[in-house]
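Here's the structure we're looking at; comments come further down.
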Amino acid sequence: MPGSEDLALALVVLLALLVEACAGFGATVVTVALGALILPIPAVLAAFVPVNLLLSLYLVARERAWVDRPVLLRRVLPWMGAGFAAGVAVYQRASGAPWLPALFGALVVVLSAISLWGLRPGATPSPRLPAAPCLLAAGVVHGVFATGGPLVVYACEGLLPDKRGFRATLAAVWLPFHGLLLASYGASGALGAASLRRSAILLPALALGLPLGQWAHRRLPEARFRVGVYALLLVAGGVPLLRAVLR
């Protein structure tokens, strides 16, 4: 029978997968931010990444006509790939370091706050960081936390203006990197019978979160969609940051 920790994590994952099915990203950042209150981050990632990979596979198969291949192949994957190897090396050496969740939370909070400020009514467009260094940093962050989404969103917001293409292209981004993460977890011993058992417990959350996210994606207006995504990231990033400050 699933334990209380497994059930609590399943509820977190249900919310997270609903977000990603709607937006195309956000599942891992929500899961890590809230799941770290339940289990150590390495245990959360080893259980969750296989489930999130299934969601990405489904979205890409269903929405493949909406994937922006030039942006994906020429802009996103090369820069993220360059930073990803460094991120995996950091994860393998410092995955238990107490400062990593705080650093992750601070990064998400800052980028989300900047983006929300720019979306306020009557706001004039503010200068944005170049996409290339953001994507390079996204690769590093994804290698450490499997949560490069916030930086990818920041970099690609102007490149992928349509919300359906935005979601489909981001889902395609995660496929190769999640596959590489699973190989890394297997090599380090984090992926095994215990983590796969926990992954199986999370599958009902995928089965429920996917249709709910699809429903929300069809009905949310573009403006509310953007504001909702960044507001959620602000809260999710603030949780590990607040925990680190209160220690």
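Identifiers in the structure tokens: chain A, B, ... in order shown; residue index from 1 per chain; ligand index from 1 in order shown.
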
Next item on the list: Using only C-alpha atoms, determine which residues lie at most 12 Å from A:Gly3, disregarding the query and same-chain residues fewer than 2 positions distant; provide the list as a list in words.
Entry: Met1, Glu5, Asp6, Leu7, Ala8, Leu9, Ala10, Ile38, Arg197, Arg198 and Ile201 of chain A

Take the residues from that selection and put them in a file with N, CA and C atoms, as a PDB file, in the first residue's frame.
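Result file selection17.pdb:
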ATOM      1  N   MET A   1       0.846  -1.200   0.000  1.00  0.00           N
ATOM      2  CA  MET A   1       0.000   0.000   0.000  1.00  0.00           C
ATOM      3  C   MET A   1       0.882   1.251   0.000  1.00  0.00           C
ATOM      4  N   GLU A   5       3.637   9.552   2.553  1.00  0.00           N
ATOM      5  CA  GLU A   5       4.518  10.380   1.726  1.00  0.00           C
ATOM      6  C   GLU A   5       4.207  10.195   0.244  1.00  0.00           C
ATOM      7  N   ASP A   6       3.958   8.944  -0.159  1.00  0.00           N
ATOM      8  CA  ASP A   6       3.639   8.672  -1.562  1.00  0.00           C
ATOM      9  C   ASP A   6       2.329   9.339  -1.968  1.00  0.00           C
ATOM     10  N   LEU A   7       1.338   9.284  -1.100  1.00  0.00           N
ATOM     11  CA  LEU A   7       0.047   9.884  -1.419  1.00  0.00           C
ATOM     12  C   LEU A   7       0.157  11.408  -1.477  1.00  0.00           C
ATOM     13  N   ALA A   8       0.914  11.992  -0.552  1.00  0.00           N
ATOM     14  CA  ALA A   8       1.100  13.443  -0.580  1.00  0.00           C
ATOM     15  C   ALA A   8       1.827  13.867  -1.848  1.00  0.00           C
ATOM     16  N   LEU A   9       2.843  13.107  -2.235  1.00  0.00           N
ATOM     17  CA  LEU A   9       3.565  13.417  -3.467  1.00  0.00           C
ATOM     18  C   LEU A   9       2.645  13.266  -4.679  1.00  0.00           C
ATOM     19  N   ALA A  10       1.754  12.278  -4.662  1.00  0.00           N
ATOM     20  CA  ALA A  10       0.834  12.086  -5.777  1.00  0.00           C
ATOM     21  C   ALA A  10      -0.090  13.293  -5.943  1.00  0.00           C
ATOM     22  N   ILE A  38       8.209  17.084   1.206  1.00  0.00           N
ATOM     23  CA  ILE A  38       7.802  15.722   1.543  1.00  0.00           C
ATOM     24  C   ILE A  38       8.990  14.763   1.547  1.00  0.00           C
ATOM     25  N   ARG A 197       8.822   2.057  -8.236  1.00  0.00           N
ATOM     26  CA  ARG A 197       7.575   1.761  -7.522  1.00  0.00           C
ATOM     27  C   ARG A 197       6.833   3.060  -7.233  1.00  0.00           C
ATOM     28  N   ARG A 198       7.570   4.069  -6.799  1.00  0.00           N
ATOM     29  CA  ARG A 198       6.939   5.365  -6.533  1.00  0.00           C
ATOM     30  C   ARG A 198       6.413   5.990  -7.825  1.00  0.00           C
ATOM     31  N   ILE A 201       3.072   4.607  -8.587  1.00  0.00           N
ATOM     32  CA  ILE A 201       2.034   5.187  -7.732  1.00  0.00           C
ATOM     33  C   ILE A 201       1.573   6.536  -8.275  1.00  0.00           C
TER      34      ILE A 201
END

Note to self: Give me the residues near A:Ala216 as a list in words, where near means some atom within 12 Å (using only C-alpha atoms) and where sequence neighbours in that chain fewer than 3 positions away do not count.
What the structure shows: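 Result of the neighbour search: Leu17, Leu18, Val19, Glu20, Ala21, Cys22, Ala23, Gly24, Gly209, Leu210, Pro211, Leu212, Gly213, Arg219, Leu220, Pro221, Glu222, Arg224, Phe225 and Gly228 of chain A.
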
Residues at most 9 Å from A:Ala231, counting only C-alpha atoms, excluding those fewer than 4 positions away in the same chain, as a PDB file with C-alpha atoms, in the first residue's frame?
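File around15.pdb, as written:
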ATOM      1  CA  SER A 112       8.719  35.337 -12.486  1.00  0.00           C
ATOM      2  CA  ALA A 113       8.495  38.713 -10.771  1.00  0.00           C
ATOM      3  CA  LEU A 116       4.692  39.593 -14.124  1.00  0.00           C
ATOM      4  CA  ARG A 226       0.602  34.092 -19.330  1.00  0.00           C
ATOM      5  CA  VAL A 227      -0.240  35.750 -16.009  1.00  0.00           C
ATOM      6  CA  VAL A 235       4.648  30.885  -5.645  1.00  0.00           C
ATOM      7  CA  ALA A 236       6.453  27.636  -6.487  1.00  0.00           C
TER       8      ALA A 236
END

Checklist line | Point-to-point distance in Å for atom CA of A:Ala172 and atom CA of A:Pro101 | finding: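 According to the coordinates, atom CA of A:Pro101 and atom CA of A:Ala172 are separated by 25.9 Å.
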
Margin query: So that I can check the surroundings of A:Pro176, please list as a ChimeraX atom specification every protein, DNA and RNA residue that reaches within 10 Å of it, counting only C-alpha atoms and ignoring chain neighbours fewer than 4 positions away.
Written below: /A:53,77,81,172,180-181

Checklist line | DSSP alpha helix (DSSP H) residues within stretch 35-185 of chain A, as a PyMOL selection string | finding: chain A and resi 35+41-63+69-70+77-94+99-118+131-145+149-156+163-185
